[in-house]
$ cat structure05.pdb   # PDB, C-alpha atoms
ATOM      1  CA  MET A  25     -10.026  40.826 -11.842
ATOM      2  CA  LEU A  26      -7.958  39.355  -9.027
ATOM      3  CA  SER A  27      -4.615  39.610 -10.820
ATOM      4  CA  GLY A  28      -3.070  41.463  -7.881
ATOM      5  CA  LEU A  29      -3.361  38.502  -5.486
ATOM      6  CA  THR A  30      -0.030  37.191  -4.210
ATOM      7  CA  LEU A  31       0.999  34.063  -2.365
ATOM      8  CA  ASP A  32       2.602  36.273   0.277
ATOM      9  CA  GLN A  33      -0.752  37.934   0.985
ATOM     10  CA  MET A  34      -2.500  34.578   1.322
ATOM     11  CA  ARG A  35       0.224  33.146   3.540
ATOM     12  CA  THR A  36       0.010  36.247   5.735
ATOM     13  CA  PHE A  37      -3.781  35.915   5.900
ATOM     14  CA  VAL A  38      -3.589  32.260   6.982
ATOM     15  CA  THR A  39      -0.837  32.969   9.523
ATOM     16  CA  VAL A  40      -2.760  35.827  11.158
ATOM     17  CA  ALA A  41      -5.955  33.746  11.264
ATOM     18  CA  GLU A  42      -4.125  30.836  12.895
ATOM     19  CA  SER A  43      -2.132  32.922  15.377
ATOM     20  CA  GLY A  44      -5.104  35.053  16.479
ATOM     21  CA  SER A  45      -3.652  38.523  16.082
ATOM     22  CA  PHE A  46      -1.634  40.733  13.749
ATOM     23  CA  ARG A  47       1.152  40.964  16.346
ATOM     24  CA  SER A  48       1.436  37.179  16.759
ATOM     25  CA  GLY A  49       1.233  36.710  13.012
ATOM     26  CA  ALA A  50       4.014  39.224  12.461
ATOM     27  CA  ALA A  51       6.202  37.451  15.031
ATOM     28  CA  ARG A  52       5.602  34.088  13.377
ATOM     29  CA  LEU A  53       6.486  35.559   9.968
ATOM     30  CA  SER A  54       9.486  37.487  11.367
ATOM     31  CA  ARG A  55       8.064  40.740  10.016
ATOM     32  CA  VAL A  56       7.018  44.035  11.529
ATOM     33  CA  GLN A  57       3.341  44.363  12.400
ATOM     34  CA  SER A  58       2.772  47.271  10.018
ATOM     35  CA  ALA A  59       3.916  45.145   7.059
ATOM     36  CA  VAL A  60       1.487  42.375   8.033
ATOM     37  CA  SER A  61      -1.396  44.854   8.432
ATOM     38  CA  HIS A  62      -0.551  46.386   5.047
ATOM     39  CA  ALA A  63      -0.516  42.933   3.349
ATOM     40  CA  ILE A  64      -3.929  42.042   4.810
ATOM     41  CA  ALA A  65      -5.384  45.419   3.811
ATOM     42  CA  ASN A  66      -4.141  44.964   0.229
ATOM     43  CA  LEU A  67      -5.632  41.466   0.102
ATOM     44  CA  GLU A  68      -8.984  42.755   1.358
ATOM     45  CA  ALA A  69      -8.933  45.509  -1.242
ATOM     46  CA  GLU A  70      -8.135  43.026  -3.988
ATOM     47  CA  LEU A  71     -10.898  40.641  -2.906
ATOM     48  CA  GLY A  72     -13.401  43.387  -2.208
ATOM     49  CA  VAL A  73     -14.365  41.970   1.218
ATOM     50  CA  ALA A  74     -13.290  42.503   4.824
ATOM     51  CA  LEU A  75     -11.455  39.421   6.099
ATOM     52  CA  PHE A  76     -11.127  40.559   9.718
ATOM     53  CA  ASP A  77     -13.385  42.480  12.092
ATOM     54  CA  ARG A  78     -11.044  44.930  13.845
ATOM     55  CA  SER A  79     -13.637  46.491  16.186
ATOM     56  CA  GLY A  80     -12.668  44.373  19.196
ATOM     57  CA  HIS A  81      -9.503  43.953  21.224
ATOM     58  CA  ARG A  82      -8.352  41.264  18.835
ATOM     59  CA  PRO A  83      -9.167  40.949  15.131
ATOM     60  CA  THR A  84     -11.646  38.177  14.404
ATOM     61  CA  LEU A  85     -12.493  36.565  11.098
ATOM     62  CA  THR A  86     -15.589  37.873   9.381
ATOM     63  CA  PRO A  87     -17.959  35.310   7.814
ATOM     64  CA  GLU A  88     -16.362  36.140   4.475
ATOM     65  CA  GLY A  89     -12.900  35.685   5.952
ATOM     66  CA  GLN A  90     -13.890  32.346   7.444
ATOM     67  CA  ALA A  91     -15.178  31.147   4.080
ATOM     68  CA  LEU A  92     -12.108  32.297   2.166
ATOM     69  CA  LEU A  93      -9.634  30.910   4.711
ATOM     70  CA  ALA A  94     -10.238  27.363   3.434
ATOM     71  CA  ASN A  95      -9.500  28.506  -0.133
ATOM     72  CA  ALA A  96      -6.289  30.201   0.921
ATOM     73  CA  ARG A  97      -5.117  27.111   2.791
ATOM     74  CA  ASP A  98      -5.888  24.919  -0.193
ATOM     75  CA  ILE A  99      -3.972  27.175  -2.585
ATOM     76  CA  LEU A 100      -0.923  27.276  -0.302
ATOM     77  CA  LEU A 101      -1.010  23.493   0.134
ATOM     78  CA  ARG A 102      -1.042  22.987  -3.630
ATOM     79  CA  VAL A 103       1.781  25.462  -4.141
ATOM     80  CA  ASP A 104       3.898  23.769  -1.454
ATOM     81  CA  ALA A 105       3.215  20.393  -3.068
ATOM     82  CA  MET A 106       4.252  21.793  -6.452
ATOM     83  CA  ARG A 107       7.490  23.132  -4.984
ATOM     84  CA  ALA A 108       8.225  19.793  -3.311
ATOM     85  CA  ARG A 109       7.622  17.931  -6.567
ATOM     86  CA  ALA A 110       9.829  20.351  -8.505
ATOM     87  CA  ARG A 111      12.572  19.897  -5.903
ATOM     88  CA  SER A 112      12.223  16.118  -6.157
ATOM     89  CA  ILE A 113      12.409  16.224  -9.959
ATOM     90  CA  GLY A 114      15.582  18.254  -9.698
ATOM     91  CA  GLU A 115      17.047  15.645  -7.340
ATOM     92  CA  GLY A 116      16.123  12.759  -9.661
ATOM     93  CA  VAL A 117      13.281  11.479  -7.469
ATOM     94  CA  GLU A 118      10.593   9.426  -9.193
ATOM     95  CA  LEU A 119       7.277  11.127  -9.917
ATOM     96  CA  GLU A 120       5.502   7.826  -9.265
ATOM     97  CA  LEU A 121       6.353   4.567  -7.514
ATOM     98  CA  SER A 122       4.596   1.659  -9.230
ATOM     99  CA  LEU A 123       4.497  -1.650  -7.394
ATOM    100  CA  THR A 124       2.904  -5.061  -7.963
ATOM    101  CA  VAL A 125       2.685  -7.366  -4.950
ATOM    102  CA  ASP A 126       2.107 -11.109  -4.877
ATOM    103  CA  THR A 127      -1.252 -11.910  -3.306
ATOM    104  CA  LEU A 128       0.465 -14.269  -0.842
ATOM    105  CA  PHE A 129       2.453 -11.411   0.718
ATOM    106  CA  PRO A 130       0.948  -9.493   3.691
ATOM    107  CA  ILE A 131      -0.157  -6.181   2.208
ATOM    108  CA  ALA A 132      -0.049  -4.480   5.627
ATOM    109  CA  ALA A 133       3.769  -4.638   5.533
ATOM    110  CA  VAL A 134       3.700  -2.909   2.146
ATOM    111  CA  GLY A 135       1.447  -0.175   3.540
ATOM    112  CA  THR A 136       3.816   0.417   6.453
ATOM    113  CA  ALA A 137       6.818   0.701   4.132
ATOM    114  CA  LEU A 138       5.018   3.007   1.705
ATOM    115  CA  SER A 139       3.987   5.275   4.583
ATOM    116  CA  GLU A 140       7.632   5.531   5.666
ATOM    117  CA  MET A 141       8.726   6.276   2.106
ATOM    118  CA  ARG A 142       6.138   9.053   1.837
ATOM    119  CA  ILE A 143       7.585  10.794   4.888
ATOM    120  CA  ALA A 144      10.863  11.251   3.010
ATOM    121  CA  TYR A 145       9.269  11.774  -0.431
ATOM    122  CA  PRO A 146       5.768  13.222   0.022
ATOM    123  CA  ALA A 147       5.499  14.348  -3.608
ATOM    124  CA  VAL A 148       5.849  10.811  -5.008
ATOM    125  CA  SER A 149       2.533   9.283  -6.062
ATOM    126  CA  ILE A 150       1.913   5.540  -5.701
ATOM    127  CA  ARG A 151       0.367   2.962  -8.024
ATOM    128  CA  LEU A 152      -0.168  -0.369  -6.272
ATOM    129  CA  ALA A 153      -1.518  -3.645  -7.664
ATOM    130  CA  VAL A 154      -1.942  -7.055  -6.025
ATOM    131  CA  GLU A 155      -1.807 -10.048  -8.375
ATOM    132  CA  PRO A 156      -1.335 -13.822  -8.014
ATOM    133  CA  LEU A 157       1.191 -16.220  -9.546
ATOM    134  CA  GLY A 158       2.812 -14.733 -12.676
ATOM    135  CA  GLY A 159       1.246 -11.292 -12.221
ATOM    136  CA  PRO A 160       4.104  -9.528 -10.391
ATOM    137  CA  ILE A 161       6.893 -10.646 -12.718
ATOM    138  CA  ALA A 162       4.743 -10.000 -15.796
ATOM    139  CA  ALA A 163       4.184  -6.449 -14.534
ATOM    140  CA  LEU A 164       7.964  -5.921 -14.488
ATOM    141  CA  VAL A 165       8.584  -7.526 -17.874
ATOM    142  CA  GLU A 166       5.791  -5.491 -19.459
ATOM    143  CA  LYS A 167       6.989  -2.344 -17.637
ATOM    144  CA  ARG A 168       3.646  -1.859 -15.905
ATOM    145  CA  SER A 169       5.498  -1.647 -12.581
ATOM    146  CA  ALA A 170       8.936  -0.512 -11.507
ATOM    147  CA  LEU A 171       8.992  -2.812  -8.465
ATOM    148  CA  ALA A 172       7.461  -6.137  -7.528
ATOM    149  CA  ILE A 173       7.281  -8.499  -4.579
ATOM    150  CA  LEU A 174       7.352 -12.129  -5.726
ATOM    151  CA  VAL A 175       6.586 -15.244  -3.698
ATOM    152  CA  GLY A 176       8.232 -18.487  -4.813
ATOM    153  CA  GLU A 177      10.619 -19.580  -7.548
ATOM    154  CA  ASP A 178       8.111 -20.640 -10.187
ATOM    155  CA  PHE A 179       8.531 -17.536 -12.331
ATOM    156  CA  ARG A 180      11.939 -16.181 -13.335
ATOM    157  CA  ASP A 181      13.217 -13.894 -16.070
ATOM    158  CA  PRO A 182      16.858 -12.966 -16.834
ATOM    159  CA  ARG A 183      15.860  -9.313 -17.109
ATOM    160  CA  ILE A 184      14.676  -9.209 -13.490
ATOM    161  CA  SER A 185      16.846  -8.668 -10.404
ATOM    162  CA  LEU A 186      15.708 -10.693  -7.372
ATOM    163  CA  GLU A 187      16.612 -10.184  -3.718
ATOM    164  CA  ALA A 188      15.370 -12.653  -1.103
ATOM    165  CA  ILE A 189      13.907 -10.677   1.793
ATOM    166  CA  THR A 190      11.818 -13.081   3.897
ATOM    167  CA  SER A 191       9.715 -16.234   3.663
ATOM    168  CA  ILE A 192       6.006 -17.050   3.778
ATOM    169  CA  GLU A 193       4.442 -20.047   5.496
ATOM    170  CA  GLN A 194       1.536 -21.584   3.605
ATOM    171  CA  VAL A 195      -0.740 -24.102   5.289
ATOM    172  CA  ALA A 196      -3.385 -26.452   3.950
ATOM    173  CA  VAL A 197      -6.718 -25.627   5.577
ATOM    174  CA  VAL A 198     -10.375 -26.532   5.394
ATOM    175  CA  SER A 199     -13.532 -25.311   7.103
ATOM    176  CA  SER A 200     -14.102 -26.862  10.522
ATOM    177  CA  LYS A 201     -17.433 -28.126   9.128
ATOM    178  CA  HIS A 202     -15.904 -29.777   6.049
ATOM    179  CA  PRO A 203     -15.821 -33.619   5.870
ATOM    180  CA  LEU A 204     -11.995 -33.585   5.885
ATOM    181  CA  ALA A 205     -12.091 -31.774   9.239
ATOM    182  CA  LEU A 206     -14.577 -34.268  10.698
ATOM    183  CA  ARG A 207     -12.428 -37.352  10.211
ATOM    184  CA  PRO A 208     -11.445 -39.294  13.359
ATOM    185  CA  HIS A 209      -8.588 -37.762  15.328
ATOM    186  CA  GLY A 210      -5.265 -39.145  14.141
ATOM    187  CA  ALA A 211      -6.665 -40.470  10.845
ATOM    188  CA  VAL A 212      -4.093 -40.191   8.075
ATOM    189  CA  ILE A 213      -5.076 -37.865   5.219
ATOM    190  CA  GLY A 214      -3.470 -39.016   2.010
ATOM    191  CA  LEU A 215      -3.541 -37.886  -1.593
ATOM    192  CA  PRO A 216      -6.590 -40.063  -2.442
ATOM    193  CA  ASP A 217      -8.533 -38.429   0.401
ATOM    194  CA  LEU A 218      -7.693 -34.940  -0.877
ATOM    195  CA  ALA A 219      -8.563 -35.908  -4.441
ATOM    196  CA  ASP A 220     -12.065 -36.862  -3.299
ATOM    197  CA  HIS A 221     -12.815 -33.248  -2.414
ATOM    198  CA  LEU A 222     -12.924 -29.948  -4.286
ATOM    199  CA  GLN A 223      -9.680 -27.947  -4.185
ATOM    200  CA  ILE A 224      -9.834 -24.131  -4.277
ATOM    201  CA  VAL A 225      -6.996 -22.775  -6.418
ATOM    202  CA  LEU A 226      -5.919 -19.400  -7.759
ATOM    203  CA  SER A 227      -6.091 -18.603 -11.456
ATOM    204  CA  ASP A 228      -3.066 -16.990 -13.089
ATOM    205  CA  PRO A 229      -3.992 -13.696 -14.822
ATOM    206  CA  THR A 230      -1.004 -14.140 -17.160
ATOM    207  CA  PRO A 231      -0.083 -16.789 -19.746
ATOM    208  CA  LEU A 232       3.147 -17.587 -17.856
ATOM    209  CA  SER A 233       1.723 -20.696 -16.189
ATOM    210  CA  GLU A 234       0.014 -22.030 -19.308
ATOM    211  CA  GLY A 235       0.371 -25.798 -19.373
ATOM    212  CA  ARG A 236       1.703 -25.862 -15.816
ATOM    213  CA  SER A 237      -0.012 -26.612 -12.509
ATOM    214  CA  PHE A 238       1.159 -25.447  -9.094
ATOM    215  CA  GLY A 239       0.028 -27.424  -6.054
ATOM    216  CA  VAL A 240      -3.126 -28.758  -7.723
ATOM    217  CA  LEU A 241      -3.685 -32.264  -6.343
ATOM    218  CA  SER A 242      -7.399 -32.818  -6.858
ATOM    219  CA  PRO A 243      -9.114 -33.418 -10.204
ATOM    220  CA  GLN A 244     -12.001 -31.383  -8.768
ATOM    221  CA  THR A 245     -11.121 -27.690  -8.685
ATOM    222  CA  CYS A 246     -12.715 -24.318  -8.183
ATOM    223  CA  ARG A 247     -10.522 -21.629  -9.767
ATOM    224  CA  VAL A 248     -10.799 -18.131  -8.333
ATOM    225  CA  GLY A 249      -9.233 -14.800  -9.229
ATOM    226  CA  SER A 250      -8.090 -13.514  -5.841
ATOM    227  CA  GLN A 251      -6.685 -14.726  -2.553
ATOM    228  CA  ASP A 252      -9.549 -13.137  -0.628
ATOM    229  CA  THR A 253     -12.063 -15.091  -2.723
ATOM    230  CA  LYS A 254     -10.124 -18.293  -2.133
ATOM    231  CA  HIS A 255     -10.132 -17.597   1.600
ATOM    232  CA  ALA A 256     -13.881 -16.914   1.588
ATOM    233  CA  MET A 257     -14.693 -20.096  -0.355
ATOM    234  CA  ILE A 258     -12.636 -22.260   2.005
ATOM    235  CA  LEU A 259     -14.270 -20.622   5.014
ATOM    236  CA  ALA A 260     -17.674 -21.345   3.465
ATOM    237  CA  GLY A 261     -16.835 -25.047   3.326
ATOM    238  CA  LEU A 262     -16.759 -25.301  -0.468
ATOM    239  CA  GLY A 263     -13.376 -27.030  -0.540
ATOM    240  CA  TRP A 264      -9.822 -27.138   0.774
ATOM    241  CA  GLY A 265      -6.670 -25.270  -0.226
ATOM    242  CA  ARG A 266      -3.422 -23.663   0.794
ATOM    243  CA  LEU A 267      -3.447 -20.175   2.311
ATOM    244  CA  PRO A 268      -0.698 -18.046   3.862
ATOM    245  CA  LEU A 269      -0.479 -18.528   7.619
ATOM    246  CA  TRP A 270      -0.645 -14.772   8.270
ATOM    247  CA  GLN A 271      -4.080 -14.702   6.622
ATOM    248  CA  VAL A 272      -5.632 -17.673   8.452
ATOM    249  CA  GLU A 273      -3.920 -17.724  11.850
ATOM    250  CA  ARG A 274      -6.891 -16.129  13.589
ATOM    251  CA  ASP A 275      -9.382 -18.385  11.771
ATOM    252  CA  ILE A 276      -7.446 -21.437  12.977
ATOM    253  CA  HIS A 277      -7.205 -20.116  16.534
ATOM    254  CA  GLU A 278     -10.964 -19.455  16.624
ATOM    255  CA  ASN A 279     -11.719 -22.854  15.036
ATOM    256  CA  ARG A 280     -13.283 -21.536  11.829
ATOM    257  CA  LEU A 281     -10.568 -23.303   9.864
ATOM    258  CA  VAL A 282      -8.684 -26.527  10.561
ATOM    259  CA  ARG A 283      -5.187 -27.347   9.333
ATOM    260  CA  LEU A 284      -4.829 -30.471   7.217
ATOM    261  CA  GLU A 285      -1.735 -32.138   8.610
ATOM    262  CA  THR A 286      -0.951 -34.285   5.626
ATOM    263  CA  ASN A 287       2.513 -34.963   4.232
ATOM    264  CA  ALA A 288       1.013 -34.876   0.741
ATOM    265  CA  LEU A 289       1.070 -31.061   1.075
ATOM    266  CA  GLY A 290       4.447 -30.633   2.717
ATOM    267  CA  ARG A 291       5.421 -31.740   6.184
ATOM    268  CA  LYS A 292       2.273 -31.475   8.311
ATOM    269  CA  GLY A 293       0.601 -29.680   5.423
ATOM    270  CA  GLN A 294       2.963 -26.694   5.611
ATOM    271  CA  LEU A 295       5.112 -25.146   2.896
ATOM    272  CA  THR A 296       7.792 -22.466   3.355
ATOM    273  CA  THR A 297       8.294 -20.213   0.335
ATOM    274  CA  GLU A 298      10.888 -17.492  -0.289
ATOM    275  CA  VAL A 299       9.825 -13.904  -0.926
ATOM    276  CA  TYR A 300      11.776 -11.677  -3.329
ATOM    277  CA  PHE A 301      12.057  -7.937  -3.849
ATOM    278  CA  ALA A 302      12.318  -7.492  -7.621
ATOM    279  CA  HIS A 303      12.988  -4.850 -10.272
ATOM    280  CA  ARG A 304      14.240  -4.690 -13.846
ATOM    281  CA  LEU A 305      18.020  -4.837 -14.297
ATOM    282  CA  ASP A 306      17.868  -2.022 -16.842
ATOM    283  CA  GLU A 307      15.997   0.306 -14.479
ATOM    284  CA  PRO A 308      18.049   0.966 -11.318
ATOM    285  CA  LEU A 309      16.184   1.905  -8.156
ATOM    286  CA  GLY A 310      15.497   5.606  -7.714
ATOM    287  CA  PRO A 311      15.610   7.384  -4.335
ATOM    288  CA  ALA A 312      11.967   6.675  -3.474
ATOM    289  CA  ALA A 313      12.253   3.008  -4.478
ATOM    290  CA  GLN A 314      15.383   2.659  -2.346
ATOM    291  CA  ALA A 315      13.589   4.286   0.581
ATOM    292  CA  PHE A 316      10.668   1.880   0.149
ATOM    293  CA  ARG A 317      13.020  -1.113   0.065
ATOM    294  CA  ARG A 318      14.759  -0.013   3.275
ATOM    295  CA  ALA A 319      11.434   0.600   5.015
ATOM    296  CA  LEU A 320      10.096  -2.786   3.889
ATOM    297  CA  LEU A 321      13.130  -4.623   5.223
ATOM    298  CA  GLN A 322      12.776  -2.725   8.485
ATOM    299  CA  ALA A 323       9.065  -3.632   8.727
ATOM    300  CA  LEU A 324       9.829  -7.299   8.089
ATOM    301  CA  SER A 325      12.549  -7.380  10.770
ATOM    302  CA  GLN A 326      10.216  -6.200  13.536
TER     303      GLN A 326
END

$ encode --input "structure05.pdb" --output "structure tokens"
Amino acid sequence: MLSGLTLDQMRTFVTVAESGSFRSGAARLSRVQSAVSHAIANLEAELGVALFDRSGHRPTLTPEGQALLANARDILLRVDAMRARARSIGEGVELELSLTVDTLFPIAAVGTALSEMRIAYPAVSIRLAVEPLGGPIAALVEKRSALAILVGEDFRDPRISLEAITSIEQVAVVSSKHPLALRPHGAVIGLPDLADHLQIVLSDPTPLSEGRSFGVLSPQTCRVGSQDTKHAMILAGLGWGRLPLWQVERDIHENRLVRLETNALGRKGQLTTEVYFAHRLDEPLGPAAQAFRRALLQALSQ
């Protein structure tokens, strides 16, 4: 039985191993050396193995000590995490931050903001989803997420609080090898020209857009379930479509994609859309959610 093991013994063991000597370990723990030696001796007796070889000038870890050091570190890490979570619960901090992000929004900015939030609230776990069209607002309405980032004004609900935080530029693009990209320079691309070619469009995972169509101009469509798939299909030359500028800027610069400068898709084929930070009105933002919001606004301002 190892019922006599204490966290103090394990913390002393790890400190001595990391500092290289009983004297240095005692100084780091602000204890006298004899107390540190006694704690290590009791731990060795409880475990039934020698953790340190004391035959040399400095104590060195035995093979058994080396093997058990990883266990001790893991136990202390879990205990510290438990204490941090208990402290957070006492302060009203969320146990989990759930977030659904519109597929048009750059997910790297979300990652940056979440990393900043975790510095202040390391015990908060994260549940992140990326969904198109009605997905983010449906996640709030159905209480699958506490927060959402919405792009555009197509989906609203009186139960949802919206805060405009930035805008997204969407551009109409096609593969550089597509017939629309091979038209004579300066040739006007009108709605009939676009309708002659397959349009790649996103499918809504929710029923919110049932009976409605957003930006679909061609009777020929290929409906896909994710923005990455849409991007890949346009790159492959299957058809044309709108994509966020942040996603295709490099493709355009390196001539893999060509912008369709047609006023049928906004001025010069470009559309500016508002982005909103959203949450339910009946669920005020907790400390971690507020920290995430601040970090996101900071990331977007840089």

$ closest_residue --input "structure05.pdb" --among "A:Val117, A:Val175, A:Leu324, A:Val272" --to "Leu309 (chain A)" --atoms "only C-alpha atoms"
A:Val117

$ atom_distance --input "structure05.pdb" --atom1 "CA of Asp252 (chain A)" --atom2 "CA of Ile161 (chain A)"
20.6 Å

$ resolve_selection --input "structure05.pdb" --expression "the PyMOL selection byres ((chain A and resi 230) around 12)" --output "MDAnalysis selection string"
chainID A and resid 155:163 165:166 179 226:229 231:235 249

$ resolve_selection --input "structure05.pdb" --expression "the PyMOL selection byres ((chain A and resi 263-265) around 10)" --output "MDAnalysis selection string"
chainID A and resid 194:199 202:205 218 221:226 239:242 244:246 254:255 257:262 266:267 281:284 289

$ residues_around --input "structure05.pdb" --residues "Glu307 (chain A)" --least-positions-apart "6" --cutoff "10 Å" --atoms "only C-alpha atoms" --output "list in words"
Lys167, Ala170, Leu171, Arg183, Ile184 and Ser185 of chain A

$ atom_distance --input "structure05.pdb" --atom1 "CA of Asp98 (chain A)" --atom2 "CA of Phe37 (chain A)"
12.7 Å

$ atom_distance --input "structure05.pdb" --atom1 "CA of Met34 (chain A)" --atom2 "CA of Gly72 (chain A)"
14.5 Å

$ residues_around --input "structure05.pdb" --residues "Phe301 (chain A)" --least-positions-apart "6" --cutoff "12 Å" --atoms "only C-alpha atoms" --output "PyMOL selection string"
chain A and resi 123-126+129+134+160-161+164+170-176+184-191+309+313-314+316-318+320-321

$ closest_residue --input "structure05.pdb" --among "A:Leu128, A:Thr36, A:Glu273, A:Ile64" --to "Ile192 (chain A)" --atoms "all atoms listed in the file"
A:Leu128

$ residues_near_point --input "structure05.pdb" --point "(1.0, 1.1, -7.8)" --cutoff "8 Å" --atoms "all atoms listed in the file" --output "JSON, numbers by chain"
{"A": [121, 122, 123, 124, 150, 151, 152, 153, 169]}

$ closest_residue --input "structure05.pdb" --among "A:Val40, A:Ala147, A:Leu29, A:Ile99" --to "Gln57 (chain A)" --atoms "all atoms listed in the file"
A:Val40

$ resolve_selection --input "structure05.pdb" --expression "the PyMOL selection byres ((chain A and resi 212) around 12)" --output "PyMOL selection string"
chain A and resi 204-205+207-211+213-218+284-288+292-293

$ write_last_selection --input "structure05.pdb" --atoms "C-alpha atoms" --output "tab-separated table (two decimals), keeping the file's coordinate frame"
chain	number	residue	atom	x	y	z
A	204	LEU	CA	-12.00	-33.58	5.88
A	205	ALA	CA	-12.09	-31.77	9.24
A	207	ARG	CA	-12.43	-37.35	10.21
A	208	PRO	CA	-11.44	-39.29	13.36
A	209	HIS	CA	-8.59	-37.76	15.33
A	210	GLY	CA	-5.26	-39.15	14.14
A	211	ALA	CA	-6.66	-40.47	10.84
A	213	ILE	CA	-5.08	-37.86	5.22
A	214	GLY	CA	-3.47	-39.02	2.01
A	215	LEU	CA	-3.54	-37.89	-1.59
A	216	PRO	CA	-6.59	-40.06	-2.44
A	217	ASP	CA	-8.53	-38.43	0.40
A	218	LEU	CA	-7.69	-34.94	-0.88
A	284	LEU	CA	-4.83	-30.47	7.22
A	285	GLU	CA	-1.74	-32.14	8.61
A	286	THR	CA	-0.95	-34.28	5.63
A	287	ASN	CA	2.51	-34.96	4.23
A	288	ALA	CA	1.01	-34.88	0.74
A	292	LYS	CA	2.27	-31.48	8.31
A	293	GLY	CA	0.60	-29.68	5.42

$ residues_around --input "structure05.pdb" --residues "Gly49 (chain A)" --least-positions-apart "6" --cutoff "12 Å" --atoms "all atoms listed in the file" --output "compact mmCIF listing (two decimals) with C-alpha atoms, in the frame of the given file"
# COMPACT_ATOMS: atom_id res chain seq x y z
CA ARG A 35 0.22 33.15 3.54
CA THR A 36 0.01 36.25 5.74
CA PHE A 37 -3.78 35.92 5.90
CA VAL A 38 -3.59 32.26 6.98
CA THR A 39 -0.84 32.97 9.52
CA VAL A 40 -2.76 35.83 11.16
CA ALA A 41 -5.96 33.75 11.26
CA GLU A 42 -4.12 30.84 12.90
CA SER A 43 -2.13 32.92 15.38
CA ARG A 55 8.06 40.74 10.02
CA VAL A 56 7.02 44.04 11.53
CA GLN A 57 3.34 44.36 12.40
CA SER A 58 2.77 47.27 10.02
CA ALA A 59 3.92 45.14 7.06
CA VAL A 60 1.49 42.38 8.03
CA SER A 61 -1.40 44.85 8.43
CA ALA A 63 -0.52 42.93 3.35
CA ILE A 64 -3.93 42.04 4.81
CA PRO A 83 -9.17 40.95 15.13

$ closest_residue --input "structure05.pdb" --among "A:Ile143, A:Ile131, A:Val148, A:Leu305" --to "Pro182 (chain A)" --atoms "only C-alpha atoms"
A:Leu305

$ closest_residue --input "structure05.pdb" --among "A:Thr296, A:Ser79, A:Thr136, A:Leu53" --to "Asp32 (chain A)" --atoms "all atoms listed in the file"
A:Leu53

$ closest_residue --input "structure05.pdb" --among "A:Gln322, A:Leu138, A:Glu118, A:Asn279" --to "Pro308 (chain A)" --atoms "all atoms listed in the file"
A:Glu118
